[in-house]
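query_13.cif follows; it contains mmCIF, N, CA and C atoms and all ligand atoms.
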```
data_final
loop_
_atom_site.label_atom_id
_atom_site.label_comp_id
_atom_site.auth_asym_id
_atom_site.auth_seq_id
_atom_site.Cartn_x
_atom_site.Cartn_y
_atom_site.Cartn_z
N MET A 1 -11.99 22.83 13.44
CA MET A 1 -11.55 23.37 14.74
C MET A 1 -10.39 24.33 14.53
N SER A 2 -10.45 25.47 15.15
CA SER A 2 -9.51 26.54 14.83
C SER A 2 -8.06 26.22 15.24
N ASP A 3 -7.88 25.41 16.28
CA ASP A 3 -6.51 25.14 16.74
C ASP A 3 -6.01 23.76 16.29
N CYS A 4 -6.68 23.18 15.30
CA CYS A 4 -6.30 21.83 14.84
C CYS A 4 -5.40 21.94 13.60
N ILE A 5 -4.21 21.38 13.69
CA ILE A 5 -3.24 21.51 12.59
C ILE A 5 -3.74 20.82 11.32
N PHE A 6 -4.41 19.69 11.45
CA PHE A 6 -4.90 18.99 10.25
C PHE A 6 -6.11 19.71 9.65
N CYS A 7 -6.92 20.39 10.47
CA CYS A 7 -7.98 21.24 9.91
C CYS A 7 -7.34 22.36 9.08
N LYS A 8 -6.23 22.89 9.58
CA LYS A 8 -5.55 23.97 8.84
C LYS A 8 -4.94 23.44 7.54
N ILE A 9 -4.40 22.25 7.58
CA ILE A 9 -3.88 21.63 6.35
C ILE A 9 -5.03 21.38 5.37
N ALA A 10 -6.15 20.87 5.88
CA ALA A 10 -7.32 20.60 5.01
C ALA A 10 -7.84 21.88 4.38
N ALA A 11 -7.74 22.99 5.12
CA ALA A 11 -8.24 24.28 4.62
C ALA A 11 -7.21 24.98 3.73
N GLY A 12 -6.01 24.40 3.62
CA GLY A 12 -4.97 25.02 2.80
C GLY A 12 -4.24 26.14 3.50
N GLU A 13 -4.47 26.28 4.80
CA GLU A 13 -3.81 27.37 5.57
C GLU A 13 -2.37 27.00 5.92
N ILE A 14 -2.11 25.69 6.00
CA ILE A 14 -0.74 25.19 6.20
C ILE A 14 -0.44 24.30 4.99
N PRO A 15 0.71 24.49 4.33
CA PRO A 15 1.00 23.70 3.14
C PRO A 15 1.27 22.23 3.46
N SER A 16 0.98 21.38 2.51
CA SER A 16 1.29 19.96 2.65
C SER A 16 1.65 19.42 1.28
N ASN A 17 2.34 18.30 1.30
CA ASN A 17 2.73 17.63 0.06
C ASN A 17 1.61 16.67 -0.31
N LYS A 18 0.65 17.16 -1.09
CA LYS A 18 -0.59 16.42 -1.34
C LYS A 18 -0.39 15.23 -2.27
N VAL A 19 -1.09 14.16 -1.94
CA VAL A 19 -1.10 12.96 -2.77
C VAL A 19 -2.46 12.82 -3.45
N TYR A 20 -3.51 13.25 -2.76
CA TYR A 20 -4.88 13.08 -3.26
C TYR A 20 -5.76 14.10 -2.55
N GLU A 21 -6.76 14.61 -3.27
CA GLU A 21 -7.73 15.49 -2.64
C GLU A 21 -9.06 15.40 -3.36
N ASP A 22 -10.14 15.36 -2.60
CA ASP A 22 -11.47 15.54 -3.17
C ASP A 22 -12.27 16.40 -2.20
N GLU A 23 -13.58 16.42 -2.33
CA GLU A 23 -14.40 17.33 -1.51
C GLU A 23 -14.34 17.02 -0.02
N THR A 24 -14.14 15.74 0.32
CA THR A 24 -14.26 15.35 1.73
C THR A 24 -12.99 14.77 2.33
N VAL A 25 -12.02 14.44 1.48
CA VAL A 25 -10.82 13.73 1.95
C VAL A 25 -9.56 14.38 1.39
N LEU A 26 -8.51 14.37 2.22
CA LEU A 26 -7.20 14.85 1.77
C LEU A 26 -6.16 13.82 2.19
N ALA A 27 -5.18 13.60 1.31
CA ALA A 27 -4.05 12.72 1.64
C ALA A 27 -2.76 13.47 1.34
N PHE A 28 -1.81 13.35 2.24
CA PHE A 28 -0.53 14.07 2.08
C PHE A 28 0.57 13.28 2.77
N TYR A 29 1.81 13.55 2.34
CA TYR A 29 2.95 12.83 2.92
C TYR A 29 3.20 13.27 4.35
N ASP A 30 3.50 12.29 5.21
CA ASP A 30 3.81 12.56 6.61
C ASP A 30 5.12 13.33 6.71
N LEU A 31 5.14 14.29 7.64
CA LEU A 31 6.33 15.12 7.87
C LEU A 31 7.51 14.29 8.38
N ASN A 32 7.21 13.25 9.16
CA ASN A 32 8.26 12.40 9.75
C ASN A 32 8.04 10.95 9.32
N PRO A 33 8.44 10.64 8.06
CA PRO A 33 8.09 9.32 7.53
C PRO A 33 8.69 8.16 8.32
N MET A 34 7.85 7.14 8.56
CA MET A 34 8.27 5.94 9.28
C MET A 34 8.49 4.76 8.33
N ALA A 35 8.32 5.00 7.05
CA ALA A 35 8.56 3.98 6.02
C ALA A 35 8.88 4.73 4.73
N LYS A 36 9.35 3.98 3.72
CA LYS A 36 9.72 4.64 2.45
C LYS A 36 8.54 5.43 1.89
N VAL A 37 7.35 4.85 2.01
CA VAL A 37 6.13 5.58 1.65
C VAL A 37 5.30 5.73 2.92
N HIS A 38 4.99 6.96 3.28
CA HIS A 38 4.19 7.22 4.49
C HIS A 38 3.25 8.38 4.19
N VAL A 39 2.00 8.02 3.95
CA VAL A 39 0.98 9.00 3.59
C VAL A 39 -0.06 9.04 4.70
N LEU A 40 -0.56 10.24 4.99
CA LEU A 40 -1.67 10.40 5.94
C LEU A 40 -2.94 10.69 5.16
N ILE A 41 -4.01 10.02 5.53
CA ILE A 41 -5.29 10.25 4.88
C ILE A 41 -6.25 10.77 5.95
N ILE A 42 -6.86 11.91 5.68
CA ILE A 42 -7.73 12.53 6.69
C ILE A 42 -9.08 12.92 6.08
N PRO A 43 -10.12 12.94 6.92
CA PRO A 43 -11.36 13.58 6.49
C PRO A 43 -11.17 15.09 6.62
N LYS A 44 -11.77 15.86 5.73
CA LYS A 44 -11.65 17.32 5.88
C LYS A 44 -12.43 17.81 7.09
N GLU A 45 -13.52 17.13 7.42
CA GLU A 45 -14.26 17.53 8.62
C GLU A 45 -13.51 17.06 9.86
N HIS A 46 -13.66 17.79 10.94
CA HIS A 46 -12.93 17.42 12.15
C HIS A 46 -13.63 16.28 12.87
N ILE A 47 -12.90 15.17 12.96
CA ILE A 47 -13.29 14.02 13.79
C ILE A 47 -12.04 13.74 14.61
N ALA A 48 -12.16 13.63 15.92
CA ALA A 48 -10.95 13.58 16.76
C ALA A 48 -10.14 12.31 16.54
N ASN A 49 -10.82 11.19 16.45
CA ASN A 49 -10.11 9.90 16.31
C ASN A 49 -11.13 8.80 16.06
N VAL A 50 -10.65 7.57 16.00
CA VAL A 50 -11.53 6.42 15.69
C VAL A 50 -12.67 6.31 16.71
N ALA A 51 -12.39 6.72 17.94
CA ALA A 51 -13.42 6.62 18.99
C ALA A 51 -14.61 7.52 18.73
N GLU A 52 -14.43 8.50 17.85
CA GLU A 52 -15.51 9.45 17.55
C GLU A 52 -16.28 9.08 16.28
N ILE A 53 -15.98 7.93 15.69
CA ILE A 53 -16.71 7.51 14.49
C ILE A 53 -18.06 6.94 14.91
N ASP A 54 -19.11 7.44 14.27
CA ASP A 54 -20.45 6.90 14.53
C ASP A 54 -21.27 7.00 13.23
N ALA A 55 -22.55 6.72 13.34
CA ALA A 55 -23.39 6.68 12.14
C ALA A 55 -23.45 8.03 11.42
N SER A 56 -23.21 9.10 12.15
CA SER A 56 -23.31 10.44 11.54
C SER A 56 -22.10 10.77 10.65
N ASN A 57 -20.98 10.07 10.83
CA ASN A 57 -19.78 10.44 10.06
C ASN A 57 -19.06 9.24 9.42
N SER A 58 -19.64 8.07 9.53
CA SER A 58 -18.92 6.88 9.05
C SER A 58 -18.84 6.80 7.52
N ALA A 59 -19.70 7.55 6.82
CA ALA A 59 -19.64 7.50 5.35
C ALA A 59 -18.28 8.02 4.86
N VAL A 60 -17.77 9.07 5.49
CA VAL A 60 -16.48 9.60 5.05
C VAL A 60 -15.36 8.62 5.38
N VAL A 61 -15.53 7.87 6.44
CA VAL A 61 -14.51 6.87 6.80
C VAL A 61 -14.50 5.75 5.76
N ALA A 62 -15.67 5.32 5.34
CA ALA A 62 -15.74 4.31 4.27
C ALA A 62 -15.08 4.85 3.00
N HIS A 63 -15.35 6.11 2.71
CA HIS A 63 -14.74 6.73 1.52
C HIS A 63 -13.22 6.78 1.66
N ILE A 64 -12.74 7.08 2.86
CA ILE A 64 -11.30 7.12 3.08
C ILE A 64 -10.66 5.78 2.69
N PHE A 65 -11.33 4.68 3.02
CA PHE A 65 -10.73 3.38 2.68
C PHE A 65 -10.73 3.12 1.18
N GLU A 66 -11.72 3.66 0.47
CA GLU A 66 -11.66 3.58 -1.00
C GLU A 66 -10.48 4.39 -1.51
N VAL A 67 -10.28 5.56 -0.92
CA VAL A 67 -9.17 6.44 -1.32
C VAL A 67 -7.83 5.77 -1.03
N ILE A 68 -7.74 5.12 0.11
CA ILE A 68 -6.49 4.43 0.47
C ILE A 68 -6.15 3.37 -0.59
N ALA A 69 -7.14 2.61 -0.99
CA ALA A 69 -6.89 1.57 -2.01
C ALA A 69 -6.43 2.20 -3.32
N LYS A 70 -7.02 3.33 -3.67
CA LYS A 70 -6.63 4.02 -4.92
C LYS A 70 -5.19 4.55 -4.81
N ILE A 71 -4.89 5.20 -3.69
CA ILE A 71 -3.53 5.76 -3.51
C ILE A 71 -2.50 4.63 -3.56
N ALA A 72 -2.79 3.54 -2.86
CA ALA A 72 -1.85 2.42 -2.84
C ALA A 72 -1.59 1.91 -4.25
N LYS A 73 -2.64 1.83 -5.05
CA LYS A 73 -2.46 1.40 -6.45
C LYS A 73 -1.64 2.43 -7.21
N ASP A 74 -2.01 3.71 -7.06
CA ASP A 74 -1.31 4.78 -7.79
C ASP A 74 0.17 4.85 -7.43
N LEU A 75 0.49 4.56 -6.16
CA LEU A 75 1.89 4.64 -5.71
C LEU A 75 2.63 3.32 -5.92
N GLY A 76 1.94 2.33 -6.48
CA GLY A 76 2.59 1.07 -6.82
C GLY A 76 2.92 0.20 -5.62
N LEU A 77 2.08 0.28 -4.60
CA LEU A 77 2.35 -0.52 -3.40
C LEU A 77 1.76 -1.93 -3.56
N ASP A 78 2.11 -2.54 -4.68
CA ASP A 78 1.48 -3.82 -5.05
C ASP A 78 1.90 -4.97 -4.15
N GLU A 79 3.04 -4.82 -3.50
CA GLU A 79 3.52 -5.92 -2.65
C GLU A 79 2.97 -5.85 -1.23
N GLY A 80 2.18 -4.83 -0.97
CA GLY A 80 1.53 -4.73 0.32
C GLY A 80 1.83 -3.45 1.05
N TYR A 81 0.99 -3.20 2.03
CA TYR A 81 1.12 -1.97 2.82
C TYR A 81 0.35 -2.15 4.12
N ARG A 82 0.53 -1.20 5.01
CA ARG A 82 -0.15 -1.23 6.31
C ARG A 82 -0.94 0.05 6.49
N VAL A 83 -2.12 -0.07 7.08
CA VAL A 83 -2.95 1.08 7.41
C VAL A 83 -3.13 1.09 8.93
N VAL A 84 -2.78 2.23 9.54
CA VAL A 84 -2.79 2.33 11.01
C VAL A 84 -3.48 3.62 11.41
N SER A 85 -4.27 3.54 12.50
CA SER A 85 -4.80 4.77 13.09
C SER A 85 -4.59 4.71 14.59
N ASN A 86 -3.80 5.61 15.10
CA ASN A 86 -3.56 5.65 16.54
C ASN A 86 -4.70 6.40 17.22
N CYS A 87 -5.23 5.79 18.28
CA CYS A 87 -6.38 6.38 18.97
C CYS A 87 -6.04 6.64 20.44
N LYS A 88 -5.92 7.91 20.77
CA LYS A 88 -5.70 8.38 22.15
C LYS A 88 -4.28 8.05 22.67
N GLU A 89 -4.10 8.38 23.92
CA GLU A 89 -2.77 8.44 24.52
C GLU A 89 -1.98 7.13 24.48
N PHE A 90 -2.61 6.03 24.85
CA PHE A 90 -1.89 4.75 24.92
C PHE A 90 -1.37 4.31 23.55
N ALA A 91 -2.03 4.77 22.50
CA ALA A 91 -1.59 4.40 21.14
C ALA A 91 -0.62 5.43 20.57
N GLY A 92 -0.39 6.52 21.31
CA GLY A 92 0.55 7.53 20.84
C GLY A 92 -0.02 8.53 19.87
N GLN A 93 -1.35 8.71 19.92
CA GLN A 93 -1.94 9.71 19.02
C GLN A 93 -1.42 11.10 19.39
N SER A 94 -0.83 11.79 18.43
CA SER A 94 -0.26 13.11 18.71
C SER A 94 -1.08 14.23 18.07
N VAL A 95 -1.81 13.93 17.01
CA VAL A 95 -2.69 14.93 16.38
C VAL A 95 -4.12 14.42 16.51
N TYR A 96 -4.94 15.21 17.21
CA TYR A 96 -6.31 14.76 17.50
C TYR A 96 -7.28 15.19 16.40
N HIS A 97 -6.95 14.77 15.19
CA HIS A 97 -7.84 14.86 14.02
C HIS A 97 -7.67 13.51 13.34
N LEU A 98 -8.76 12.79 13.16
CA LEU A 98 -8.70 11.43 12.62
C LEU A 98 -7.78 11.35 11.41
N HIS A 99 -6.87 10.39 11.44
CA HIS A 99 -5.99 10.18 10.28
C HIS A 99 -5.58 8.72 10.24
N PHE A 100 -5.37 8.27 9.03
CA PHE A 100 -4.91 6.91 8.79
C PHE A 100 -3.53 6.99 8.16
N HIS A 101 -2.58 6.28 8.76
CA HIS A 101 -1.24 6.20 8.20
C HIS A 101 -1.24 5.09 7.16
N LEU A 102 -0.78 5.40 5.96
CA LEU A 102 -0.57 4.39 4.92
C LEU A 102 0.94 4.21 4.79
N LEU A 103 1.41 3.02 5.16
CA LEU A 103 2.85 2.75 5.22
C LEU A 103 3.20 1.65 4.24
N GLY A 104 4.26 1.85 3.47
CA GLY A 104 4.64 0.82 2.52
C GLY A 104 5.91 1.19 1.79
N GLY A 105 6.11 0.51 0.64
CA GLY A 105 7.29 0.78 -0.16
C GLY A 105 8.49 -0.03 0.23
N GLU A 106 8.35 -0.85 1.27
CA GLU A 106 9.45 -1.71 1.74
C GLU A 106 8.83 -2.77 2.67
N GLN A 107 9.66 -3.76 3.04
CA GLN A 107 9.21 -4.76 4.00
C GLN A 107 9.00 -4.07 5.36
N LEU A 108 7.81 -4.22 5.93
CA LEU A 108 7.50 -3.58 7.21
C LEU A 108 7.75 -4.54 8.36
N SER A 109 8.03 -3.96 9.52
CA SER A 109 8.21 -4.77 10.72
C SER A 109 6.94 -5.54 11.05
N MET A 110 7.10 -6.74 11.60
CA MET A 110 5.94 -7.51 12.02
C MET A 110 5.47 -7.08 13.42
N ASN A 111 6.22 -6.17 14.04
CA ASN A 111 5.88 -5.72 15.37
C ASN A 111 4.68 -4.76 15.31
N MET A 112 3.58 -5.17 15.81
CA MET A 112 2.35 -4.39 15.70
C MET A 112 2.12 -3.48 16.92
N CYS A 113 2.97 -3.57 17.93
CA CYS A 113 2.74 -2.72 19.10
C CYS A 113 4.05 -2.24 19.70
P1 LIG B 1 -0.13 10.24 15.23
O1 LIG B 1 1.07 10.10 16.09
O2 LIG B 1 -0.75 8.90 14.87
O3 LIG B 1 -1.12 11.22 15.80
O4 LIG B 1 0.41 10.81 13.86
C1 LIG B 1 0.52 12.16 13.56
C2 LIG B 1 1.42 12.26 12.36
O5 LIG B 1 1.26 13.55 11.81
C3 LIG B 1 2.91 12.11 12.67
O6 LIG B 1 3.40 10.95 12.00
C4 LIG B 1 3.57 13.37 12.14
C5 LIG B 1 2.49 13.97 11.27
N1 LIG B 1 2.44 15.42 11.27
C6 LIG B 1 2.30 16.24 12.35
N2 LIG B 1 2.25 17.51 11.96
C7 LIG B 1 2.35 17.51 10.60
C8 LIG B 1 2.35 18.53 9.61
O7 LIG B 1 2.25 19.72 9.88
N3 LIG B 1 2.49 18.13 8.31
C9 LIG B 1 2.61 16.81 7.97
N4 LIG B 1 2.72 16.53 6.68
N5 LIG B 1 2.59 15.82 8.87
C10 LIG B 1 2.47 16.16 10.17
#
```
Just give me the structure of the file as C-alpha cells.
Amino acid sequence: MSDCIFCKIAAGEIPSNKVYEDETVLAFYDLNPMAKVHVLIIPKEHIANVAEIDASNSAVVAHIFEVIAKIAKDLGLDEGYRVVSNCKEFAGQSVYHLHFHLLGGEQLSMNMC
C-alpha cells in the first residue's frame, strides 16, 4: 500500500534498524522501545492486522512465529519474552500493517491490558 509506513520500510524506502530479513518477513527495532529489547516483526505483504488473517495469508504468519523464535534465540532472550499484536482502535493499533511486538531483555510487567 502506497501510504503505509511499514510497506515503505519493507521496500527499503524508509530506513530501519534491521534484525532479520528474508523474502517474506522483516524484523526491525521499534522506534519507541517499550522494553530493553523491542523488535517488530512484519510480513512484507500488506495485511492490515490480525483480523485480516485468513487461509490466503496465514502461511506467512506461521513463518513469522518461526522467525520470532529464531530472533529471540539470537538475541539471547532465554529467560523469556512477550509477543503482542495490537488489533484496531481499542487495542491501540497505530500502524495498520500487521506487526508483532517482541518484548524482552528484562522482567516484563504482568499487566496485560
Ligand atoms: P502499534 O501501536 O501496535 O500499532 O505499534 C506500532 C509501533 O510501530 C510503535 O511501537 C512505534 C513503531 N513505529 C512507528 N513508526 C515507526 C518507524 O518509522 N520505524 C520504526 N522502527 N518503528 C516505528
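Among the candidates A:Val95, A:Ile64, A:Cys87, A:Leu40, the one nearest to A:Cys4 when counting only N, CA and C atoms is A:Val95.
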Who sits within 5 Å of A:Ile41, all atoms listed in the file, same chain under 2 positions skipped, as an MDAnalysis selection string: chainID A and resid 26:27 39 43 99:100
Could those residues be written to a file, using N, CA and C atoms, as an mmCIF file, in the frame of the given file?
```
data_model
loop_
_atom_site.group_PDB
_atom_site.id
_atom_site.type_symbol
_atom_site.label_atom_id
_atom_site.label_comp_id
_atom_site.auth_asym_id
_atom_site.auth_seq_id
_atom_site.Cartn_x
_atom_site.Cartn_y
_atom_site.Cartn_z
ATOM 1 N N LEU A 26 -8.510 14.370 2.220
ATOM 2 C CA LEU A 26 -7.200 14.850 1.770
ATOM 3 C C LEU A 26 -6.160 13.820 2.190
ATOM 4 N N ALA A 27 -5.180 13.600 1.310
ATOM 5 C CA ALA A 27 -4.050 12.720 1.640
ATOM 6 C C ALA A 27 -2.760 13.470 1.340
ATOM 7 N N VAL A 39 2.000 8.020 3.950
ATOM 8 C CA VAL A 39 0.980 9.000 3.590
ATOM 9 C C VAL A 39 -0.060 9.040 4.700
ATOM 10 N N PRO A 43 -10.120 12.940 6.920
ATOM 11 C CA PRO A 43 -11.360 13.580 6.490
ATOM 12 C C PRO A 43 -11.170 15.090 6.620
ATOM 13 N N HIS A 99 -6.870 10.390 11.440
ATOM 14 C CA HIS A 99 -5.990 10.180 10.280
ATOM 15 C C HIS A 99 -5.580 8.720 10.240
ATOM 16 N N PHE A 100 -5.370 8.270 9.030
ATOM 17 C CA PHE A 100 -4.910 6.910 8.790
ATOM 18 C C PHE A 100 -3.530 6.990 8.160
#
```
Surrounding residues as a list in words, ligand LIG 1 (chain B), max 6 Å, all atoms listed in the file: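 Answer in the requested format: Ser16, Asn17, Phe28, Tyr29, Asp30, Leu31, Asn32, Ser85, Asn86, Gly92, Gln93, Ser94, Val95 and Tyr96 of chain A.
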Grab the atom N of A:Glu52 to atom CA of A:Lys8 distance for me, in Å with one decimal place. 20.0 Å
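Between atom CA of A:Met34 and atom CA of A:Gln107 lies a distance of 12.0 Å.
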Å distance separating atom N of A:Leu98 from atom C of A:Gly80, one decimal place: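 These atoms are spaced 22.9 Å apart.
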Those in stretch 1-72 of chain A with helix (DSSP H, G or I) from DSSP, as a PyMOL selection string: chain A and resi 5-10+50-52+58-72
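All residues within stretch 39-109 of chain A that the backbone DSSP calculation assigns to strand (DSSP E) are Val39, Leu40, Ile41, Ile42, Pro43, Tyr81, Arg82, Val83, Val84, Phe100, His101, Leu102, Leu103 and Gly104 of chain A.
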Here is a test: counting only C-alpha atoms, which residue of A:Asp78, A:Gly104, A:Met110, A:Tyr20 is nearest to A:Glu66?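 Under the stated criterion, the closest residue is A:Tyr20.
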Find the residues around A:Ala11 up to 12 Å (only C-alpha atoms counted), leave out those fewer than 5 positions away in its own chain, and share them as number ranges by chain. A: 1-2, 4-6, 16, 21, 23-26, 42-46
